[in-house]
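S.K.: Enclosed is the structure file final_10.cif (mmCIF, C-alpha atoms and all ligand atoms).
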data_protein
#
loop_
_atom_site.group_PDB
_atom_site.id
_atom_site.type_symbol
_atom_site.label_atom_id
_atom_site.label_comp_id
_atom_site.auth_asym_id
_atom_site.auth_seq_id
_atom_site.Cartn_x
_atom_site.Cartn_y
_atom_site.Cartn_z
ATOM 1 C CA MET A 16 117.494 60.816 88.710
ATOM 2 C CA LEU A 17 114.429 60.556 90.899
ATOM 3 C CA VAL A 18 113.899 62.815 93.898
ATOM 4 C CA ASN A 19 111.554 62.405 96.826
ATOM 5 C CA ALA A 20 108.518 64.676 96.910
ATOM 6 C CA THR A 21 109.255 66.585 100.118
ATOM 7 C CA GLU A 22 111.123 69.570 98.738
ATOM 8 C CA MET A 23 108.838 70.114 95.750
ATOM 9 C CA LEU A 24 105.783 70.089 98.027
ATOM 10 C CA LEU A 25 107.270 72.441 100.618
ATOM 11 C CA LYS A 26 108.071 74.859 97.787
ATOM 12 C CA ALA A 27 104.515 74.487 96.480
ATOM 13 C CA ARG A 28 103.071 75.106 99.930
ATOM 14 C CA ASP A 29 105.159 78.252 100.396
ATOM 15 C CA GLY A 30 104.559 79.420 96.826
ATOM 16 C CA HIS A 31 100.796 78.712 96.964
ATOM 17 C CA TYR A 32 100.565 76.418 93.975
ATOM 18 C CA GLY A 33 99.875 72.704 93.514
ATOM 19 C CA VAL A 34 102.120 69.895 92.259
ATOM 20 C CA PRO A 35 100.323 67.284 90.147
ATOM 21 C CA GLN A 36 100.438 63.595 90.854
ATOM 22 C CA PHE A 37 99.659 61.955 87.535
ATOM 23 C CA ASN A 38 99.120 58.207 87.815
ATOM 24 C CA ILE A 39 100.841 56.048 85.217
ATOM 25 C CA ASN A 40 99.694 52.779 83.670
ATOM 26 C CA ASN A 41 102.248 51.835 81.026
ATOM 27 C CA LEU A 42 105.184 53.094 78.968
ATOM 28 C CA GLU A 43 103.091 55.424 76.803
ATOM 29 C CA TRP A 44 101.478 56.992 79.872
ATOM 30 C CA THR A 45 104.819 57.598 81.540
ATOM 31 C CA LYS A 46 106.324 59.111 78.403
ATOM 32 C CA ALA A 47 103.322 61.406 77.868
ATOM 33 C CA VAL A 48 103.396 62.699 81.444
ATOM 34 C CA LEU A 49 107.156 63.230 81.531
ATOM 35 C CA LEU A 50 107.212 65.062 78.189
ATOM 36 C CA ALA A 51 104.295 67.320 79.161
ATOM 37 C CA CYS A 52 105.895 68.223 82.497
ATOM 38 C CA GLU A 53 109.280 68.878 80.917
ATOM 39 C CA GLU A 54 107.685 71.109 78.294
ATOM 40 C CA MET A 55 105.846 73.065 80.996
ATOM 41 C CA LYS A 56 108.867 73.019 83.367
ATOM 42 C CA SER A 57 106.698 71.595 86.126
ATOM 43 C CA PRO A 58 107.775 69.288 88.944
ATOM 44 C CA VAL A 59 105.822 66.035 88.895
ATOM 45 C CA ILE A 60 104.915 63.063 91.035
ATOM 46 C CA LEU A 61 104.296 59.856 89.093
ATOM 47 C CA GLY A 62 101.681 57.874 90.999
ATOM 48 C CA VAL A 63 101.556 54.087 90.796
ATOM 49 C CA SER A 64 98.681 52.218 92.388
ATOM 50 C CA GLU A 65 99.240 48.659 93.545
ATOM 51 C CA GLY A 66 97.025 47.455 90.691
ATOM 52 C CA ALA A 67 98.996 49.449 88.111
ATOM 53 C CA GLY A 68 102.233 48.145 89.608
ATOM 54 C CA LYS A 69 101.014 44.582 89.180
ATOM 55 C CA TYR A 70 99.840 45.351 85.646
ATOM 56 C CA MET A 71 103.310 46.633 84.724
ATOM 57 C CA THR A 72 104.711 43.309 86.048
ATOM 58 C CA GLY A 73 105.984 44.671 89.363
ATOM 59 C CA TYR A 74 107.486 47.672 91.137
ATOM 60 C CA LYS A 75 111.027 46.838 90.035
ATOM 61 C CA THR A 76 109.992 47.034 86.380
ATOM 62 C CA VAL A 77 108.284 50.365 87.019
ATOM 63 C CA ALA A 78 111.262 51.869 88.872
ATOM 64 C CA ALA A 79 113.721 50.697 86.216
ATOM 65 C CA MET A 80 111.552 52.019 83.377
ATOM 66 C CA VAL A 81 110.956 55.405 84.979
ATOM 67 C CA LYS A 82 114.603 55.945 85.924
ATOM 68 C CA ALA A 83 115.800 54.997 82.436
ATOM 69 C CA MET A 84 113.139 57.137 80.759
ATOM 70 C CA VAL A 85 113.990 60.228 82.810
ATOM 71 C CA GLU A 86 117.563 59.800 81.611
ATOM 72 C CA SER A 87 116.898 58.956 77.962
ATOM 73 C CA LEU A 88 114.355 61.786 77.531
ATOM 74 C CA ASN A 89 116.745 64.252 79.243
ATOM 75 C CA ILE A 90 114.108 65.238 81.786
ATOM 76 C CA THR A 91 115.413 68.121 83.909
ATOM 77 C CA VAL A 92 112.370 68.837 86.123
ATOM 78 C CA PRO A 93 112.129 67.110 89.522
ATOM 79 C CA VAL A 94 110.404 63.709 89.202
ATOM 80 C CA ALA A 95 109.224 61.622 92.159
ATOM 81 C CA LEU A 96 108.050 58.033 91.793
ATOM 82 C CA HIS A 97 105.337 57.466 94.368
ATOM 83 C CA LEU A 98 103.320 54.449 95.474
ATOM 84 C CA ASP A 99 99.645 55.476 95.566
ATOM 85 C CA HIS A 100 97.403 54.001 98.305
ATOM 86 C CA GLY A 101 100.049 51.525 99.387
ATOM 87 C CA SER A 102 99.376 48.668 101.743
ATOM 88 C CA TYR A 103 101.878 47.965 104.518
ATOM 89 C CA GLU A 104 103.478 45.211 102.389
ATOM 90 C CA GLY A 105 103.314 47.302 99.205
ATOM 91 C CA CYS A 106 105.190 50.152 100.907
ATOM 92 C CA LYS A 107 107.982 47.811 101.938
ATOM 93 C CA ALA A 108 108.202 46.383 98.416
ATOM 94 C CA CYS A 109 108.520 49.878 96.902
ATOM 95 C CA VAL A 110 111.325 50.811 99.296
ATOM 96 C CA GLU A 111 113.146 47.710 98.004
ATOM 97 C CA ALA A 112 112.303 48.432 94.367
ATOM 98 C CA GLY A 113 113.783 51.941 94.350
ATOM 99 C CA PHE A 114 110.747 54.212 94.410
ATOM 100 C CA SER A 115 111.442 57.683 95.834
ATOM 101 C CA SER A 116 108.176 58.143 97.718
ATOM 102 C CA ILE A 117 105.368 56.072 99.238
ATOM 103 C CA MET A 118 101.854 56.563 100.438
ATOM 104 C CA PHE A 119 100.694 54.329 103.255
ATOM 105 C CA ASP A 120 96.936 54.121 103.205
ATOM 106 C CA GLY A 121 96.082 52.914 106.686
ATOM 107 C CA SER A 122 92.745 54.739 106.669
ATOM 108 C CA HIS A 123 90.816 51.461 106.940
ATOM 109 C CA TYR A 124 92.622 50.463 110.152
ATOM 110 C CA PRO A 125 91.489 51.666 113.559
ATOM 111 C CA ILE A 126 93.406 54.898 114.294
ATOM 112 C CA GLU A 127 95.762 53.192 116.810
ATOM 113 C CA GLU A 128 96.843 50.626 114.265
ATOM 114 C CA ASN A 129 97.138 53.281 111.535
ATOM 115 C CA VAL A 130 99.425 55.241 113.906
ATOM 116 C CA GLU A 131 101.577 52.219 114.715
ATOM 117 C CA LYS A 132 102.101 51.114 111.123
ATOM 118 C CA THR A 133 102.595 54.672 109.849
ATOM 119 C CA LYS A 134 105.274 55.258 112.489
ATOM 120 C CA GLU A 135 107.205 52.203 111.389
ATOM 121 C CA LEU A 136 106.962 53.123 107.699
ATOM 122 C CA VAL A 137 108.013 56.746 108.355
ATOM 123 C CA ALA A 138 111.264 55.469 109.868
ATOM 124 C CA LEU A 139 111.807 53.060 106.975
ATOM 125 C CA ALA A 140 111.059 55.681 104.292
ATOM 126 C CA HIS A 141 113.253 58.354 105.854
ATOM 127 C CA ALA A 142 116.143 55.916 106.386
ATOM 128 C CA ASN A 143 116.022 55.417 102.614
ATOM 129 C CA GLY A 144 115.757 59.105 101.701
ATOM 130 C CA MET A 145 112.123 58.722 100.654
ATOM 131 C CA SER A 146 109.078 60.844 101.382
ATOM 132 C CA ILE A 147 105.912 59.382 102.870
ATOM 133 C CA GLU A 148 102.236 60.333 102.651
ATOM 134 C CA ALA A 149 99.591 59.009 105.024
ATOM 135 C CA GLU A 150 95.813 59.108 104.895
ATOM 136 C CA VAL A 151 93.171 59.871 107.471
ATOM 137 C CA GLY A 152 89.473 59.519 106.720
ATOM 138 C CA SER A 153 88.900 57.252 103.759
ATOM 139 C CA ILE A 154 88.393 58.896 100.379
ATOM 140 C CA GLY A 155 85.207 57.855 98.651
ATOM 141 C CA GLY A 156 84.717 56.010 95.383
ATOM 142 C CA VAL A 157 86.532 52.966 94.124
ATOM 143 C CA GLU A 158 90.274 52.680 93.627
ATOM 144 C CA ASP A 159 91.628 49.287 92.659
ATOM 145 C CA GLY A 160 88.606 47.634 94.195
ATOM 146 C CA VAL A 161 88.945 49.438 97.518
ATOM 147 C CA VAL A 162 85.704 51.264 98.220
ATOM 148 C CA GLY A 163 85.925 54.336 100.441
ATOM 149 C CA SER A 164 82.906 56.046 101.877
ATOM 150 C CA GLY A 165 84.018 59.674 101.429
ATOM 151 C CA GLU A 166 84.427 60.602 105.077
ATOM 152 C CA ILE A 167 85.451 63.977 106.388
ATOM 153 C CA ALA A 168 88.718 63.440 108.247
ATOM 154 C CA ASP A 169 88.835 64.210 111.967
ATOM 155 C CA PRO A 170 91.326 67.078 112.612
ATOM 156 C CA GLU A 171 92.534 65.439 115.838
ATOM 157 C CA GLU A 172 93.343 62.206 114.037
ATOM 158 C CA CYS A 173 95.066 64.238 111.320
ATOM 159 C CA ALA A 174 97.195 65.941 113.978
ATOM 160 C CA LYS A 175 98.084 62.598 115.519
ATOM 161 C CA ILE A 176 99.259 61.120 112.207
ATOM 162 C CA THR A 177 101.074 64.320 111.190
ATOM 163 C CA ALA A 178 103.028 64.285 114.466
ATOM 164 C CA LEU A 179 104.572 60.954 113.408
ATOM 165 C CA GLY A 180 106.806 62.813 110.964
ATOM 166 C CA ILE A 181 105.041 62.093 107.674
ATOM 167 C CA ASP A 182 105.877 64.515 104.852
ATOM 168 C CA PHE A 183 102.393 65.164 103.459
ATOM 169 C CA LEU A 184 98.888 64.233 104.451
ATOM 170 C CA ALA A 185 95.845 63.032 102.527
ATOM 171 C CA ALA A 186 92.681 63.928 104.403
ATOM 172 C CA GLY A 187 89.169 63.249 103.198
ATOM 173 C CA ILE A 188 87.164 66.460 102.705
ATOM 174 C CA GLY A 189 84.293 65.076 100.642
ATOM 175 C CA ASN A 190 86.494 64.223 97.645
ATOM 176 C CA ILE A 191 86.080 60.848 95.957
ATOM 177 C CA HIS A 192 87.884 58.755 93.355
ATOM 178 C CA GLY A 193 86.567 58.354 89.831
ATOM 179 C CA VAL A 194 83.794 60.359 88.240
ATOM 180 C CA TYR A 195 81.746 62.507 90.645
ATOM 181 C CA PRO A 196 78.019 61.757 90.849
ATOM 182 C CA ALA A 197 75.589 64.480 89.744
ATOM 183 C CA ASN A 198 74.415 65.022 93.336
ATOM 184 C CA TRP A 199 77.931 65.492 94.783
ATOM 185 C CA LYS A 200 77.951 68.160 97.503
ATOM 186 C CA GLY A 201 81.401 69.562 96.686
ATOM 187 C CA LEU A 202 84.502 69.901 98.839
ATOM 188 C CA ASP A 203 84.055 70.777 102.505
ATOM 189 C CA PHE A 204 86.281 73.860 102.827
ATOM 190 C CA GLU A 205 85.487 74.367 106.502
ATOM 191 C CA ALA A 206 86.797 70.875 107.190
ATOM 192 C CA LEU A 207 89.872 71.596 105.072
ATOM 193 C CA ASP A 208 90.535 74.774 107.052
ATOM 194 C CA ARG A 209 90.165 72.945 110.389
ATOM 195 C CA ILE A 210 92.515 70.174 109.209
ATOM 196 C CA HIS A 211 95.051 72.695 107.907
ATOM 197 C CA LYS A 212 95.056 74.546 111.228
ATOM 198 C CA ALA A 213 95.439 71.301 113.211
ATOM 199 C CA THR A 214 98.369 69.939 111.211
ATOM 200 C CA ASN A 215 101.157 72.473 111.570
ATOM 201 C CA ASN A 216 101.139 73.656 107.947
ATOM 202 C CA ILE A 217 102.009 70.220 106.504
ATOM 203 C CA PRO A 218 101.427 70.021 102.716
ATOM 204 C CA LEU A 219 97.969 68.516 102.174
ATOM 205 C CA VAL A 220 96.976 66.162 99.372
ATOM 206 C CA LEU A 221 93.738 66.228 97.408
ATOM 207 C CA HIS A 222 92.865 62.804 96.011
ATOM 208 C CA GLY A 223 90.259 62.254 93.319
ATOM 209 C CA GLY A 224 91.094 65.438 91.402
ATOM 210 C CA THR A 225 89.073 64.371 88.347
ATOM 211 C CA GLY A 226 85.936 66.438 87.917
ATOM 212 C CA ILE A 227 86.424 68.839 90.830
ATOM 213 C CA PRO A 228 85.509 72.269 89.408
ATOM 214 C CA ASP A 229 88.513 74.523 88.714
ATOM 215 C CA GLU A 230 87.476 77.177 91.215
ATOM 216 C CA MET A 231 87.260 74.551 93.992
ATOM 217 C CA ILE A 232 90.783 73.368 93.147
ATOM 218 C CA ALA A 233 92.051 76.950 93.340
ATOM 219 C CA LYS A 234 90.358 77.478 96.699
ATOM 220 C CA ALA A 235 91.742 74.178 98.040
ATOM 221 C CA ILE A 236 95.271 75.280 97.061
ATOM 222 C CA SER A 237 94.726 78.580 98.893
ATOM 223 C CA LEU A 238 93.733 76.587 102.014
ATOM 224 C CA GLY A 239 96.859 74.421 102.150
ATOM 225 C CA VAL A 240 96.543 71.762 99.440
ATOM 226 C CA SER A 241 99.921 71.309 97.724
ATOM 227 C CA LYS A 242 99.457 68.038 95.821
ATOM 228 C CA ILE A 243 96.541 67.099 93.608
ATOM 229 C CA ASN A 244 96.084 63.560 92.296
ATOM 230 C CA ILE A 245 94.883 63.088 88.732
ATOM 231 C CA ASN A 246 94.147 59.614 87.396
ATOM 232 C CA THR A 247 90.685 59.052 85.916
ATOM 233 C CA GLU A 248 90.790 62.190 83.787
ATOM 234 C CA CYS A 249 93.820 60.992 81.792
ATOM 235 C CA GLN A 250 92.165 57.591 81.343
ATOM 236 C CA LEU A 251 89.021 59.218 79.957
ATOM 237 C CA VAL A 252 90.832 61.362 77.372
ATOM 238 C CA PHE A 253 93.079 58.452 76.360
ATOM 239 C CA ALA A 254 90.042 56.217 75.762
ATOM 240 C CA GLU A 255 88.193 58.947 73.884
ATOM 241 C CA ALA A 256 91.093 59.686 71.514
ATOM 242 C CA THR A 257 91.709 55.991 70.869
ATOM 243 C CA ARG A 258 88.023 55.348 70.188
ATOM 244 C CA LYS A 259 87.904 58.234 67.723
ATOM 245 C CA TYR A 260 90.934 56.862 65.829
ATOM 246 C CA ILE A 261 89.296 53.447 65.467
ATOM 247 C CA GLU A 262 85.825 54.769 64.706
ATOM 248 C CA GLU A 263 87.320 56.839 61.902
ATOM 249 C CA GLY A 264 88.763 53.605 60.507
ATOM 250 C CA LYS A 265 92.346 54.870 60.740
ATOM 251 C CA ASP A 266 93.629 51.547 62.046
ATOM 252 C CA GLN A 267 92.558 50.048 58.698
ATOM 253 C CA GLN A 268 94.350 52.598 56.537
ATOM 254 C CA GLY A 269 97.933 51.803 55.530
ATOM 255 C CA LYS A 270 99.907 50.817 58.617
ATOM 256 C CA GLY A 271 97.432 52.454 60.977
ATOM 257 C CA PHE A 272 97.312 49.241 62.995
ATOM 258 C CA ASP A 273 100.931 49.773 64.139
ATOM 259 C CA PRO A 274 100.697 50.269 67.922
ATOM 260 C CA ARG A 275 102.972 53.277 67.659
ATOM 261 C CA LYS A 276 100.327 54.895 65.441
ATOM 262 C CA LEU A 277 97.280 53.417 67.145
ATOM 263 C CA LEU A 278 98.269 54.706 70.587
ATOM 264 C CA ALA A 279 99.622 58.077 69.426
ATOM 265 C CA PRO A 280 96.337 60.053 69.649
ATOM 266 C CA GLY A 281 95.819 58.783 73.209
ATOM 267 C CA VAL A 282 99.331 59.834 74.167
ATOM 268 C CA GLU A 283 98.757 63.313 72.732
ATOM 269 C CA ALA A 284 95.474 63.546 74.635
ATOM 270 C CA ILE A 285 97.207 62.698 77.934
ATOM 271 C CA LYS A 286 99.880 65.319 77.234
ATOM 272 C CA ALA A 287 97.254 67.978 76.542
ATOM 273 C CA LYS A 288 95.357 67.063 79.730
ATOM 274 C CA CYS A 289 98.552 67.217 81.828
ATOM 275 C CA LYS A 290 99.397 70.658 80.439
ATOM 276 C CA GLU A 291 95.886 71.897 81.209
ATOM 277 C CA LYS A 292 96.220 70.708 84.826
ATOM 278 C CA ILE A 293 99.683 72.223 85.221
ATOM 279 C CA GLU A 294 98.266 75.599 84.147
ATOM 280 C CA LEU A 295 95.364 75.248 86.563
ATOM 281 C CA PHE A 296 97.584 74.272 89.516
ATOM 282 C CA GLY A 297 99.970 77.183 88.851
ATOM 283 C CA CYS A 298 103.064 74.964 88.744
ATOM 284 C CA ALA A 299 104.301 75.812 85.231
ATOM 285 C CA GLY A 300 107.864 77.073 85.388
ATOM 286 C CA LYS A 301 108.328 75.796 88.961
ATOM 287 C CA GLY A 302 110.386 72.746 88.035
HETATM 288 ZN ZN ZN B 401 93.582 58.396 96.028
#
Just give me the structure as C-alpha cells.

M.R.:
Amino acid sequence: MLVNATEMLLKARDGHYGVPQFNINNLEWTKAVLLACEEMKSPVILGVSEGAGKYMTGYKTVAAMVKAMVESLNITVPVALHLDHGSYEGCKACVEAGFSSIMFDGSHYPIEENVEKTKELVALAHANGMSIEAEVGSIGGVEDGVVGSGEIADPEECAKITALGIDFLAAGIGNIHGVYPANWKGLDFEALDRIHKATNNIPLVLHGGTGIPDEMIAKAISLGVSKININTECQLVFAEATRKYIEEGKDQQGKGFDPRKLLAPGVEAIKAKCKEKIELFGCAGKG
C-alpha cells in the first residue's frame, strides 16, 4: 500500500535525518529502488517527472505498477508515489491516477498566481489523503526541458506559500538539477536558515541532490532539509554499468543479450547508489 509523504517527513524533520526521493524511469528502476530501501529499512518517495510519466505510458500505468510491485515484493517500508515538478494539469491527473503525493511547481508563475493555484491543489490533494509539495524560487539546471535559473528563494514568498497548508516546501538555495558546473558556488546556508526560520518548521526539500558534497548535504539536513531528491546520479551509474557490460562484449557471450541479463548490472548499480544515499541521509532503519 502507498502512503503519503507527510508522516515520514515530519518524523525525519524531528529525527534530524533525510528521506530520499529517488526518481524512477521504468520497471527495473522501480524494482531496484524498492529492493534497496527495503533492505536498508528506509522510507522512500518514488519521484515521477511528467516526462518519465509519459515515457511509462501514463500516470495510471505508473500507479498500477508501483502498487502491484510493493505488494509482490513484500515491501514493508513506507512508500510514497510522488509527482515531481507537476504542472497544474499534471497534478490533477495524478490525483485521478492514484498517486499518494504531488508536487506543484508554480515557481514560474508570478507569486499571486502561484499562491492561487497552490491553494486550490492543496485542497484537492488533502481531500484525497495526499501530501503536496510546492516550490518557490526556481531551481536551476534543466529538468524535462524546463530551464530554471537557480534563484535563491525569498523567505517572505516561502512563508506565504507555506501558510496555504502545503506539507513540504522546495526552496531554491543555489541548488540546480543535473551535474553541477565546476564553478558552482555551493549551497547558500544563510538563505536556507532564513527560509527555515520564516516557514514555521515545515519540512524542506532539496532538489538536485546529485553532486552536492556529502558535508553540504549533512549541513542542509541540520538546517531543516528533510527530503533530498536524487535523479541524475542513478542515471549516471546505470549508464556506466550498462556501458561496461557491452564494452566487455558480455552481450555477445551466450545469452548475454537477454534484457534480463543486459540490464542487470545497471539495476545493481542503482541499488548500490540508493544504499549509499540512505547511509548518507541517516534514514537507514527508519522505515
Ligand atoms: Zn527538482

S.K.: Please measure the separation of atom CA of Glu166 of chain A and atom CA of Glu248 of chain A, giving the value in Å to one decimal.

M.R.: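 Distance reported for this atom pair: 22.3 Å.
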
S.K.: Evaluating the PyMOL selection byres (((chain A and resi 204) around 9) and not hetatm) on the displayed file yields which residues, as JSON, numbers by chain?

M.R.: {"A": [188, 201, 202, 203, 205, 206, 207, 208, 209, 231, 234, 235, 238]}

S.K.: Could you work out how far atom CA of Glu230 of chain A lies from atom CA of Ile191 of chain A, giving the answer in Å with one decimal?

M.R.: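 These atoms are spaced 17.1 Å apart.
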
S.K.: Taking into account all atoms listed in the file, which residue in the set A:Pro93, A:Pro280, A:Gly226, A:Gly101 is nearest to ligand ZN 401 (chain B)?

M.R.: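 Closest to ligand ZN 401 (chain B) of all the choices is A:Gly101.
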
S.K.: Can you pull out the residues contacting segment 53-70 of chain A? Cut-off 7 Å, using all atoms listed in the file, and skip same-chain residues under 5 positions away; I want them as a ChimeraX atom specification.

M.R.: /A:23,34-40,77,90-101,159,290,298-302

S.K.: Could you pull the residues within 12 Å of Arg258 of chain A, counting all atoms listed in the file, minus those fewer than 4 positions along the same chain, as a list in words?

M.R.: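 The neighbour list is Leu251, Val252, Phe253, Ala254, Glu262, Glu263, Gly264, Lys265, Asp266, Leu277, Leu278, Ala279, Pro280, Gly281 and Ala284 of chain A.
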
S.K.: Could you jot down the atom CA of Ala149 of chain A to atom CA of His31 of chain A separation for me, Å, one decimal place?

M.R.: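 According to the coordinates, atom CA of Ala149 of chain A and atom CA of His31 of chain A are separated by 21.3 Å.
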
S.K.: Could you list, as a PyMOL selection string, every residue within 10 Å of Val81 of chain A, counting only C-alpha atoms and ignoring same-chain residues fewer than 2 positions away?

M.R.: chain A and resi 16-17+42+45-46+49+61+75-79+83-87+94-96+114

S.K.: Around ligand ZN 401 (chain B), at most 8 Å away and counting all atoms listed in the file, which residues are there? Put them as a compact mmCIF listing (two decimals) with C-alpha atoms, keeping the file's coordinate frame, please.

M.R.:
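This went into part.txt:
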# COMPACT_ATOMS: atom_id res chain seq x y z
CA ASP A 99 99.64 55.48 95.57
CA HIS A 100 97.40 54.00 98.30
CA ILE A 154 88.39 58.90 100.38
CA GLU A 158 90.27 52.68 93.63
CA ILE A 191 86.08 60.85 95.96
CA HIS A 192 87.88 58.76 93.36
CA LEU A 221 93.74 66.23 97.41
CA HIS A 222 92.86 62.80 96.01
CA GLY A 223 90.26 62.25 93.32
CA ASN A 244 96.08 63.56 92.30

S.K.: For segment 210-217 of chain A, find every residue with an atom within 10 Å (counting only C-alpha atoms), except residues of its own chain fewer than 4 positions away, and show them as an MDAnalysis selection string.

M.R.: chainID A and resid 24:25 28:29 167:178 180:184 186:188 204:206 238:241
